[in-house]
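What follows is upload-v8.json (JSON, C-alpha atoms).
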```json
[["chain", "number", "residue", "atom", "x", "y", "z"],
["A", 1, "MET", "CA", 0.00, 0.00, 0.00],
["A", 2, "PHE", "CA", 1.20, 3.50, -0.79],
["A", 3, "GLU", "CA", 2.60, 5.26, 2.25],
["A", 4, "PRO", "CA", 2.26, 9.03, 2.70],
["A", 5, "HIS", "CA", 5.51, 10.91, 2.13],
["A", 6, "ALA", "CA", 7.19, 7.75, 0.81],
["A", 7, "PHE", "CA", 8.83, 9.80, -1.95],
["A", 8, "ALA", "CA", 10.51, 12.00, 0.64],
["A", 9, "ARG", "CA", 12.63, 9.04, 1.78],
["A", 10, "LEU", "CA", 13.91, 8.20, -1.70],
["A", 11, "PRO", "CA", 17.62, 9.02, -2.27],
["A", 12, "PRO", "CA", 18.20, 12.19, -4.31],
["A", 13, "VAL", "CA", 18.60, 11.70, -8.06],
["A", 14, "PRO", "CA", 22.12, 12.71, -9.22],
["A", 15, "ALA", "CA", 22.12, 15.91, -11.27],
["A", 16, "GLU", "CA", 22.27, 15.13, -14.97],
["A", 17, "HIS", "CA", 25.32, 16.57, -16.71],
["A", 18, "LEU", "CA", 24.44, 19.45, -19.01],
["A", 19, "THR", "CA", 25.68, 18.74, -22.53],
["A", 20, "PRO", "CA", 26.73, 21.50, -24.98],
["A", 21, "GLY", "CA", 23.94, 23.33, -26.76],
["A", 22, "LEU", "CA", 21.42, 26.15, -26.64],
["A", 23, "TYR", "CA", 18.79, 25.78, -23.91],
["A", 24, "LEU", "CA", 15.54, 27.76, -24.22],
["A", 25, "VAL", "CA", 14.52, 28.14, -20.59],
["A", 26, "ALA", "CA", 10.97, 29.24, -19.77],
["A", 27, "THR", "CA", 10.84, 31.45, -16.68],
["A", 28, "PRO", "CA", 7.92, 32.54, -14.44],
["A", 29, "ILE", "CA", 5.45, 35.06, -15.83],
["A", 30, "GLY", "CA", 4.96, 36.39, -12.30],
["A", 31, "ASN", "CA", 5.03, 33.94, -9.43],
["A", 32, "LEU", "CA", 8.58, 32.71, -8.84],
["A", 33, "GLU", "CA", 7.25, 29.34, -7.62],
["A", 34, "ASP", "CA", 6.39, 28.51, -11.24],
["A", 35, "ILE", "CA", 10.05, 27.80, -12.10],
["A", 36, "THR", "CA", 10.69, 24.11, -12.84],
["A", 37, "LEU", "CA", 13.35, 21.98, -11.19],
["A", 38, "ARG", "CA", 14.88, 21.30, -14.59],
["A", 39, "ALA", "CA", 15.02, 25.02, -15.40],
["A", 40, "LEU", "CA", 16.89, 25.67, -12.14],
["A", 41, "ARG", "CA", 19.39, 22.92, -12.91],
["A", 42, "VAL", "CA", 20.02, 24.20, -16.44],
["A", 43, "LEU", "CA", 20.48, 27.78, -15.22],
["A", 44, "LYS", "CA", 22.96, 26.60, -12.58],
["A", 45, "GLN", "CA", 24.99, 24.41, -14.93],
["A", 46, "ALA", "CA", 25.05, 26.67, -17.99],
["A", 47, "ASP", "CA", 28.26, 28.48, -18.88],
["A", 48, "VAL", "CA", 26.35, 31.69, -19.47],
["A", 49, "ILE", "CA", 22.74, 32.91, -19.40],
["A", 50, "ALA", "CA", 21.65, 35.19, -22.25],
["A", 51, "CYS", "CA", 18.94, 37.54, -20.89],
["A", 52, "GLU", "CA", 16.48, 39.99, -22.37],
["A", 53, "ASP", "CA", 17.18, 42.22, -19.35],
["A", 54, "THR", "CA", 20.08, 41.16, -17.11],
["A", 55, "ARG", "CA", 18.78, 43.23, -14.18],
["A", 56, "HIS", "CA", 15.38, 41.57, -14.34],
["A", 57, "THR", "CA", 16.81, 38.06, -14.62],
["A", 58, "GLN", "CA", 19.30, 38.71, -11.81],
["A", 59, "LYS", "CA", 16.39, 39.02, -9.36],
["A", 60, "LEU", "CA", 15.29, 35.50, -10.32],
["A", 61, "LEU", "CA", 18.84, 34.16, -10.07],
["A", 62, "ASN", "CA", 19.40, 35.80, -6.69],
["A", 63, "HIS", "CA", 16.19, 34.31, -5.36],
["A", 64, "PHE", "CA", 17.42, 30.81, -6.16],
["A", 65, "ALA", "CA", 21.11, 31.47, -5.33],
["A", 66, "ILE", "CA", 22.26, 30.90, -8.91],
["A", 67, "GLU", "CA", 25.63, 32.49, -9.67],
["A", 68, "THR", "CA", 25.93, 31.79, -13.42],
["A", 69, "ARG", "CA", 27.29, 34.68, -15.48],
["A", 70, "THR", "CA", 24.72, 36.64, -17.52],
["A", 71, "ILE", "CA", 24.95, 38.51, -20.80],
["A", 72, "SER", "CA", 22.38, 40.74, -22.53],
["A", 73, "TYR", "CA", 20.43, 39.50, -25.55],
["A", 74, "HIS", "CA", 17.58, 41.76, -26.60],
["A", 75, "GLU", "CA", 15.90, 43.18, -29.70],
["A", 76, "HIS", "CA", 18.42, 46.02, -30.04],
["A", 77, "ASN", "CA", 21.59, 43.88, -30.01],
["A", 78, "GLU", "CA", 20.11, 40.62, -31.29],
["A", 79, "ALA", "CA", 21.85, 40.56, -34.67],
["A", 80, "GLU", "CA", 25.35, 41.14, -33.28],
["A", 81, "ARG", "CA", 24.94, 39.09, -30.10],
["A", 82, "ALA", "CA", 23.41, 36.09, -31.89],
["A", 83, "ALA", "CA", 26.50, 35.78, -34.08],
["A", 84, "GLU", "CA", 28.76, 35.92, -31.00],
["A", 85, "LEU", "CA", 26.75, 33.31, -29.10],
["A", 86, "VAL", "CA", 26.59, 30.93, -32.04],
["A", 87, "GLU", "CA", 30.38, 30.99, -32.27],
["A", 88, "GLU", "CA", 30.60, 30.09, -28.58],
["A", 89, "LEU", "CA", 28.05, 27.32, -29.07],
["A", 90, "ALA", "CA", 30.06, 25.95, -31.99],
["A", 91, "LYS", "CA", 33.04, 25.62, -29.62],
["A", 92, "GLY", "CA", 30.97, 23.52, -27.20],
["A", 93, "ALA", "CA", 29.45, 26.12, -24.88],
["A", 94, "ARG", "CA", 26.30, 25.50, -22.85],
["A", 95, "ILE", "CA", 24.14, 28.60, -23.17],
["A", 96, "ALA", "CA", 20.75, 29.18, -21.52],
["A", 97, "LEU", "CA", 18.47, 31.73, -23.18],
["A", 98, "VAL", "CA", 15.79, 33.43, -21.09],
["A", 99, "THR", "CA", 13.44, 36.37, -21.54],
["A", 100, "ASP", "CA", 11.93, 38.61, -18.89],
["A", 101, "ALA", "CA", 9.00, 36.22, -18.51],
["A", 102, "GLY", "CA", 7.63, 33.14, -20.21],
["A", 103, "THR", "CA", 9.06, 31.17, -23.12],
["A", 104, "PRO", "CA", 11.89, 32.54, -25.31],
["A", 105, "SER", "CA", 11.06, 33.17, -28.99],
["A", 106, "VAL", "CA", 7.31, 33.52, -28.25],
["A", 107, "SER", "CA", 6.81, 37.25, -28.96],
["A", 108, "ASP", "CA", 10.22, 37.74, -27.34],
["A", 109, "PRO", "CA", 13.83, 37.73, -28.60],
["A", 110, "GLY", "CA", 15.32, 34.37, -29.54],
["A", 111, "PHE", "CA", 14.22, 33.47, -33.06],
["A", 112, "ARG", "CA", 17.42, 34.69, -34.73],
["A", 113, "LEU", "CA", 19.69, 32.80, -32.33],
["A", 114, "VAL", "CA", 17.61, 29.62, -32.61],
["A", 115, "THR", "CA", 17.66, 29.60, -36.41],
["A", 116, "GLN", "CA", 21.38, 30.30, -36.58],
["A", 117, "ALA", "CA", 22.10, 27.52, -34.10],
["A", 118, "ILE", "CA", 19.98, 25.08, -36.11],
["A", 119, "ASP", "CA", 21.78, 26.09, -39.32],
["A", 120, "ARG", "CA", 25.11, 25.29, -37.66],
["A", 121, "GLY", "CA", 23.91, 21.88, -36.44],
["A", 122, "ILE", "CA", 23.96, 22.96, -32.78],
["A", 123, "PRO", "CA", 21.46, 21.24, -30.46],
["A", 124, "VAL", "CA", 18.54, 23.49, -29.46],
["A", 125, "VAL", "CA", 16.89, 22.15, -26.31],
["A", 126, "PRO", "CA", 13.51, 23.44, -25.03],
["A", 127, "VAL", "CA", 13.12, 23.59, -21.26],
["A", 128, "PRO", "CA", 9.35, 24.10, -21.11],
["A", 129, "GLY", "CA", 7.45, 26.03, -18.52],
["A", 130, "PRO", "CA", 5.22, 29.10, -18.19],
["A", 131, "ALA", "CA", 3.65, 30.79, -21.21],
["A", 132, "ALA", "CA", 1.11, 33.55, -20.73],
["A", 133, "LEU", "CA", -0.97, 32.59, -23.77],
["A", 134, "VAL", "CA", -1.46, 29.00, -22.54],
["A", 135, "ALA", "CA", -2.23, 30.06, -18.97],
["A", 136, "ALA", "CA", -4.78, 32.62, -20.18],
["A", 137, "LEU", "CA", -6.43, 30.23, -22.63],
["A", 138, "GLY", "CA", -6.89, 27.51, -20.04],
["A", 139, "ALA", "CA", -8.62, 29.83, -17.58],
["A", 140, "SER", "CA", -10.50, 31.96, -20.11],
["A", 141, "GLY", "CA", -13.60, 29.81, -20.50],
["A", 142, "LEU", "CA", -13.31, 30.17, -24.29],
["A", 143, "PRO", "CA", -12.97, 27.16, -26.64],
["A", 144, "ALA", "CA", -9.44, 25.77, -26.47],
["A", 145, "ASP", "CA", -9.71, 22.98, -29.03],
["A", 146, "SER", "CA", -8.69, 25.34, -31.83],
["A", 147, "PHE", "CA", -6.91, 28.64, -31.31],
["A", 148, "CYS", "CA", -4.47, 31.02, -32.97],
["A", 149, "PHE", "CA", -1.81, 33.08, -31.19],
["A", 150, "ARG", "CA", -0.95, 36.26, -33.11],
["A", 151, "GLY", "CA", 1.47, 38.08, -30.81],
["A", 152, "PHE", "CA", 1.00, 41.81, -30.32],
["A", 153, "LEU", "CA", -1.62, 43.73, -32.26],
["A", 154, "PRO", "CA", -0.19, 46.55, -34.43],
["A", 155, "ALA", "CA", 0.24, 49.81, -32.52],
["A", 156, "LYS", "CA", -1.16, 51.98, -35.33],
["A", 157, "SER", "CA", -4.95, 52.25, -35.41],
["A", 158, "GLY", "CA", -5.40, 51.51, -39.12],
["A", 159, "ALA", "CA", -3.16, 48.44, -39.05],
["A", 160, "CYS", "CA", -4.85, 47.19, -35.89],
["A", 161, "LYS", "CA", -8.30, 47.46, -37.49],
["A", 162, "ARG", "CA", -7.09, 45.61, -40.59],
["A", 163, "GLN", "CA", -5.75, 42.80, -38.41],
["A", 164, "LEU", "CA", -9.08, 42.58, -36.58],
["A", 165, "GLU", "CA", -10.91, 42.49, -39.91],
["A", 166, "THR", "CA", -9.05, 39.27, -40.76],
["A", 167, "ILE", "CA", -10.53, 37.50, -37.71],
["A", 168, "ARG", "CA", -14.08, 38.81, -38.08],
["A", 169, "SER", "CA", -15.30, 35.39, -39.20],
["A", 170, "SER", "CA", -12.72, 33.28, -37.36],
["A", 171, "SER", "CA", -13.98, 29.95, -36.03],
["A", 172, "ARG", "CA", -11.10, 29.79, -33.53],
["A", 173, "THR", "CA", -10.25, 31.53, -30.28],
["A", 174, "GLU", "CA", -7.82, 34.31, -31.20],
["A", 175, "ILE", "CA", -5.10, 35.31, -28.70],
["A", 176, "PHE", "CA", -3.06, 38.52, -28.57],
["A", 177, "TYR", "CA", -0.69, 40.23, -26.19],
["A", 178, "GLU", "CA", -1.37, 43.91, -25.52],
["A", 179, "ALA", "CA", 0.33, 46.77, -23.75],
["A", 180, "PRO", "CA", -1.67, 48.20, -20.82],
["A", 181, "HIS", "CA", -1.59, 51.78, -22.11],
["A", 182, "ARG", "CA", -3.19, 50.66, -25.41],
["A", 183, "LEU", "CA", -5.85, 48.39, -23.96],
["A", 184, "ALA", "CA", -8.79, 50.86, -23.99],
["A", 185, "GLU", "CA", -8.09, 51.93, -27.58],
["A", 186, "THR", "CA", -7.78, 48.32, -28.70],
["A", 187, "LEU", "CA", -11.09, 47.41, -27.05],
["A", 188, "GLU", "CA", -12.74, 50.36, -28.84],
["A", 189, "GLN", "CA", -11.47, 49.00, -32.15],
["A", 190, "ILE", "CA", -12.72, 45.51, -31.31],
["A", 191, "VAL", "CA", -16.17, 46.94, -30.67],
["A", 192, "GLN", "CA", -16.05, 48.87, -33.97],
["A", 193, "VAL", "CA", -14.81, 45.98, -36.10],
["A", 194, "LEU", "CA", -16.15, 42.85, -34.39],
["A", 195, "GLY", "CA", -19.19, 44.28, -32.61],
["A", 196, "SER", "CA", -19.98, 45.05, -28.98],
["A", 197, "ASN", "CA", -21.46, 41.57, -28.45],
["A", 198, "ARG", "CA", -18.30, 39.64, -29.35],
["A", 199, "ARG", "CA", -17.14, 37.70, -26.30],
["A", 200, "ILE", "CA", -13.65, 38.51, -25.09],
["A", 201, "VAL", "CA", -11.42, 37.87, -22.09],
["A", 202, "VAL", "CA", -8.80, 40.23, -20.70],
["A", 203, "ALA", "CA", -6.28, 38.34, -18.55],
["A", 204, "ARG", "CA", -4.14, 40.66, -16.45],
["A", 205, "GLU", "CA", -1.26, 40.13, -14.02],
["A", 206, "MET", "CA", -1.57, 36.34, -14.19],
["A", 207, "THR", "CA", 0.04, 34.38, -11.31],
["A", 208, "LYS", "CA", 0.62, 37.65, -9.41],
["A", 209, "VAL", "CA", -1.13, 39.11, -6.36],
["A", 210, "HIS", "CA", -3.53, 41.22, -8.44],
["A", 211, "GLU", "CA", -4.39, 38.55, -11.02],
["A", 212, "GLU", "CA", -7.63, 39.38, -12.82],
["A", 213, "PHE", "CA", -9.79, 37.89, -15.56],
["A", 214, "LEU", "CA", -12.41, 40.12, -17.18],
["A", 215, "ARG", "CA", -14.83, 37.92, -19.14],
["A", 216, "GLY", "CA", -17.83, 39.09, -21.13],
["A", 217, "GLU", "CA", -19.01, 41.04, -24.16],
["A", 218, "ALA", "CA", -16.54, 43.48, -25.67],
["A", 219, "GLY", "CA", -18.78, 46.49, -25.08],
["A", 220, "HIS", "CA", -19.19, 45.68, -21.39],
["A", 221, "ILE", "CA", -15.46, 45.05, -20.87],
["A", 222, "LEU", "CA", -14.68, 48.36, -22.62],
["A", 223, "GLN", "CA", -16.94, 50.22, -20.19],
["A", 224, "THR", "CA", -15.23, 48.51, -17.25],
["A", 225, "ILE", "CA", -11.77, 49.54, -18.48],
["A", 226, "ARG", "CA", -12.93, 53.08, -19.23],
["A", 227, "GLY", "CA", -14.11, 53.36, -15.63],
["A", 228, "ARG", "CA", -10.59, 52.86, -14.31],
["A", 229, "ASP", "CA", -7.69, 55.27, -14.13],
["A", 230, "SER", "CA", -5.52, 52.97, -16.24],
["A", 231, "ALA", "CA", -4.84, 49.31, -16.83],
["A", 232, "LYS", "CA", -1.63, 47.95, -15.37],
["A", 233, "GLY", "CA", 0.46, 44.84, -15.78],
["A", 234, "GLU", "CA", 1.02, 42.28, -18.52],
["A", 235, "ILE", "CA", -2.14, 41.67, -20.55],
["A", 236, "THR", "CA", -3.31, 38.74, -22.66],
["A", 237, "LEU", "CA", -6.37, 39.42, -24.80],
["A", 238, "LEU", "CA", -8.54, 36.56, -26.02],
["A", 239, "ILE", "CA", -11.35, 36.89, -28.59],
["A", 240, "ALA", "CA", -14.03, 34.23, -28.88],
["A", 241, "PRO", "CA", -14.82, 32.51, -32.18],
["A", 242, "ALA", "CA", -17.34, 34.29, -34.37],
["A", 243, "ALA", "CA", -20.99, 33.34, -34.17],
["A", 244, "LYS", "CA", -21.82, 30.39, -36.40],
["A", 245, "GLN", "CA", -23.36, 32.45, -39.17],
["A", 246, "GLU", "CA", -20.21, 34.59, -39.40],
["A", 247, "SER", "CA", -17.75, 31.69, -39.37],
["A", 248, "GLN", "CA", -19.80, 30.00, -42.11],
["A", 249, "LEU", "CA", -18.76, 32.84, -44.44],
["A", 250, "LEU", "CA", -15.37, 31.16, -44.73],
["A", 251, "THR", "CA", -16.95, 28.04, -46.22],
["A", 252, "VAL", "CA", -18.43, 30.09, -49.06],
["A", 253, "SER", "CA", -16.22, 30.52, -52.14],
["A", 254, "VAL", "CA", -14.61, 33.89, -52.76],
["A", 255, "ALA", "CA", -16.71, 34.36, -55.91],
["A", 256, "ASP", "CA", -19.98, 33.62, -54.09],
["A", 257, "ARG", "CA", -19.05, 35.94, -51.23],
["A", 258, "VAL", "CA", -18.12, 38.73, -53.67],
["A", 259, "HIS", "CA", -21.45, 38.39, -55.45],
["A", 260, "GLN", "CA", -23.26, 38.34, -52.09],
["A", 261, "LEU", "CA", -21.62, 41.62, -51.04],
["A", 262, "MET", "CA", -22.32, 43.21, -54.42],
["A", 263, "ARG", "CA", -25.95, 42.17, -54.15],
["A", 264, "GLU", "CA", -26.66, 42.83, -50.45],
["A", 265, "GLU", "CA", -24.41, 45.85, -49.76],
["A", 266, "ASN", "CA", -24.38, 47.39, -53.22],
["A", 267, "LEU", "CA", -20.57, 47.22, -53.48],
["A", 268, "ASP", "CA", -18.75, 47.19, -56.78],
["A", 269, "GLN", "CA", -16.54, 44.21, -57.61],
["A", 270, "LYS", "CA", -13.31, 45.89, -56.55],
["A", 271, "ALA", "CA", -14.67, 46.94, -53.14],
["A", 272, "ALA", "CA", -16.23, 43.52, -52.58],
["A", 273, "LEU", "CA", -12.93, 41.78, -53.37],
["A", 274, "LYS", "CA", -11.12, 44.08, -50.95],
["A", 275, "ARG", "CA", -13.63, 43.23, -48.19],
["A", 276, "VAL", "CA", -13.34, 39.49, -48.80],
["A", 277, "ALA", "CA", -9.54, 39.68, -48.69],
["A", 278, "ARG", "CA", -9.73, 41.39, -45.29],
["A", 279, "GLU", "CA", -12.27, 38.88, -43.96],
["A", 280, "ARG", "CA", -10.09, 35.92, -44.89],
["A", 281, "GLY", "CA", -6.70, 37.38, -44.10],
["A", 282, "ILE", "CA", -5.40, 36.98, -47.64],
["A", 283, "SER", "CA", -3.94, 39.42, -50.16],
["A", 284, "ARG", "CA", -6.16, 41.11, -52.73],
["A", 285, "SER", "CA", -4.25, 39.35, -55.50],
["A", 286, "GLU", "CA", -4.96, 35.97, -53.89],
["A", 287, "ALA", "CA", -8.65, 36.89, -53.47],
["A", 288, "TYR", "CA", -8.77, 37.89, -57.15],
["A", 289, "ARG", "CA", -7.09, 34.62, -58.18],
["A", 290, "GLN", "CA", -9.67, 32.58, -56.26],
["A", 291, "PHE", "CA", -12.45, 34.77, -57.65],
["A", 292, "GLN", "CA", -11.29, 34.06, -61.21],
["A", 293, "GLN", "CA", -11.07, 30.32, -60.50],
["A", 294, "HIS", "CA", -14.74, 30.02, -59.57],
["A", 295, "HIS", "CA", -16.18, 32.88, -61.60]]
```
Please re-express this file's structure in structure tokens.
Amino acid sequence: MFEPHAFARLPPVPAEHLTPGLYLVATPIGNLEDITLRALRVLKQADVIACEDTRHTQKLLNHFAIETRTISYHEHNEAERAAELVEELAKGARIALVTDAGTPSVSDPGFRLVTQAIDRGIPVVPVPGPAALVAALGASGLPADSFCFRGFLPAKSGACKRQLETIRSSSRTEIFYEAPHRLAETLEQIVQVLGSNRRIVVAREMTKVHEEFLRGEAGHILQTIRGRDSAKGEITLLIAPAAKQESQLLTVSVADRVHQLMREENLDQKAALKRVARERGISRSEAYRQFQQHH
């Protein structure tokens, strides 16, 4: 019979030797207890830790008494630093890559270094752990069987609206990261493009003391945010799939949809093609090609 605390009496497992390569180490998105035992071992045994912000990462390392040397690796020095690190990796170095929070390369620096390491035949080893998009999706209450993560929405209003147009008829949960100072404006654009009734979730400060999930219709969430001085903290924005009648638009051919818009909204062919391209997230030339195929 299983005895309580039996595992506590097992002898400790010897630390596995860290072999040369690039280690992508996921770090906590807030709560330091979310670090994995493997991540701690890799950070301790690495020759160097490449950080998005060395000061930020040092707080994590100090908390766990890790004395490994750190070096900066961020969007402003990525091109130069990636080349340097790859040369060290080629000589047999063990390098851990971390960002300020979450998983490297996911809307954070890392892609350039990873691709260069792969091109040189250097092992790239994921050390999985926290990711804000996964944490938010699981607790959102929105469908998680099919979703699309799109990173940050464009900062410029026009580009943001065009991006939202492409998901108007999406049958998947759409996930974005957003800066707190842009949240109210982004919610206004969601209401304008997707409608005030579209269900959304704003996940804020996840795993931290002031963790908050705002769930409901876009119009209602916008009013809630407007009623505050300002939003604070890291934000993940989730948008529910379109209502069935909207998502069914994607099953209609481009030609049929163009003719429908010309008939029902009195658009000319050029304007209708432009609308369909936005709805489906494709170029106008691709929309025209599909239109010609079935016309």
| task | Excluding Thr27 in chain A and residues on its chain fewer than 6 positions from it, collect all residues at most 10 Å away from it, counting only C-alpha atoms, and give them as a ChimeraX atom specification. | result | /A:33-36,39-40,57,60,98-104,127-131
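Taking CA of Arg204 in chain A as the reference point, CA of Ile225 in chain A is found at 11.9 Å.
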Can you sort out the box for range 183-194 of chain A, edges along x, y and z, all listed atoms in, 5 Å on every side, with centre and edge lengths in Å to one decimal, as AutoDock Vina command-line options?
```
--center_x -11.0 --center_y 47.4 --center_z -30.0 --size_x 20.3 --size_y 19.1 --size_z 22.1
```
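Between CA of Ala90 in chain A and CA of Ala117 in chain A there is a distance of 8.4 Å.
Minimum atom-to-atom distance to Leu194 in chain A, evaluated using only C-alpha atoms, belongs to A:Leu164 out of A:Leu164, A:Leu32, A:Ala132, A:Cys148.
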| task | Extract, using only C-alpha atoms, all DNA, RNA and protein residues at most 9 Å from range 199-202 of chain A, discarding same-chain residues fewer than 3 positions from it, and format them as a ChimeraX atom specification. | result | /A:136,140-142,196,212-218,221,235-242
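Between Lys274 in chain A and the candidates A:Arg198, A:Lys232, A:Arg162, A:Arg150, the tightest atom-to-atom separation, counting all atoms listed in the file, involves A:Arg162.
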| query | Is there a way to get, as a PyMOL selection string, all residues within 8 Å of the point (23.0, 34.3, -30.4) in file coordinates, counting all atoms listed in the file? | reply | chain A and resi 73+78-86+110+112-114+116-117
| field | Surrounding residues of Glu165 in chain A excluding itself and chain neighbours under 2 positions, 12 Å, all atoms listed in the file, as number ranges by chain | value | A: 158-163, 167-170, 189-195, 242, 274-282
| message | Counting only C-alpha atoms, which residue out of A:Asp256, A:Glu185, A:Asp108, A:Glu178 sits closest to Gly233 in chain A? | response | A:Glu178
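Distance-wise, CA of Arg172 in chain A and CA of Ala243 in chain A end up 10.5 Å apart.
For the set A:Arg257, A:His210, A:Glu234, A:Arg226, the residue with the smallest atom-to-atom gap to Tyr177 in chain A is A:Glu234, counting all atoms listed in the file.
Closest approach to His220 in chain A among A:Arg94, A:Asn197, A:Met206, A:Ser253 is made by A:Asn197 (distances from only C-alpha atoms).
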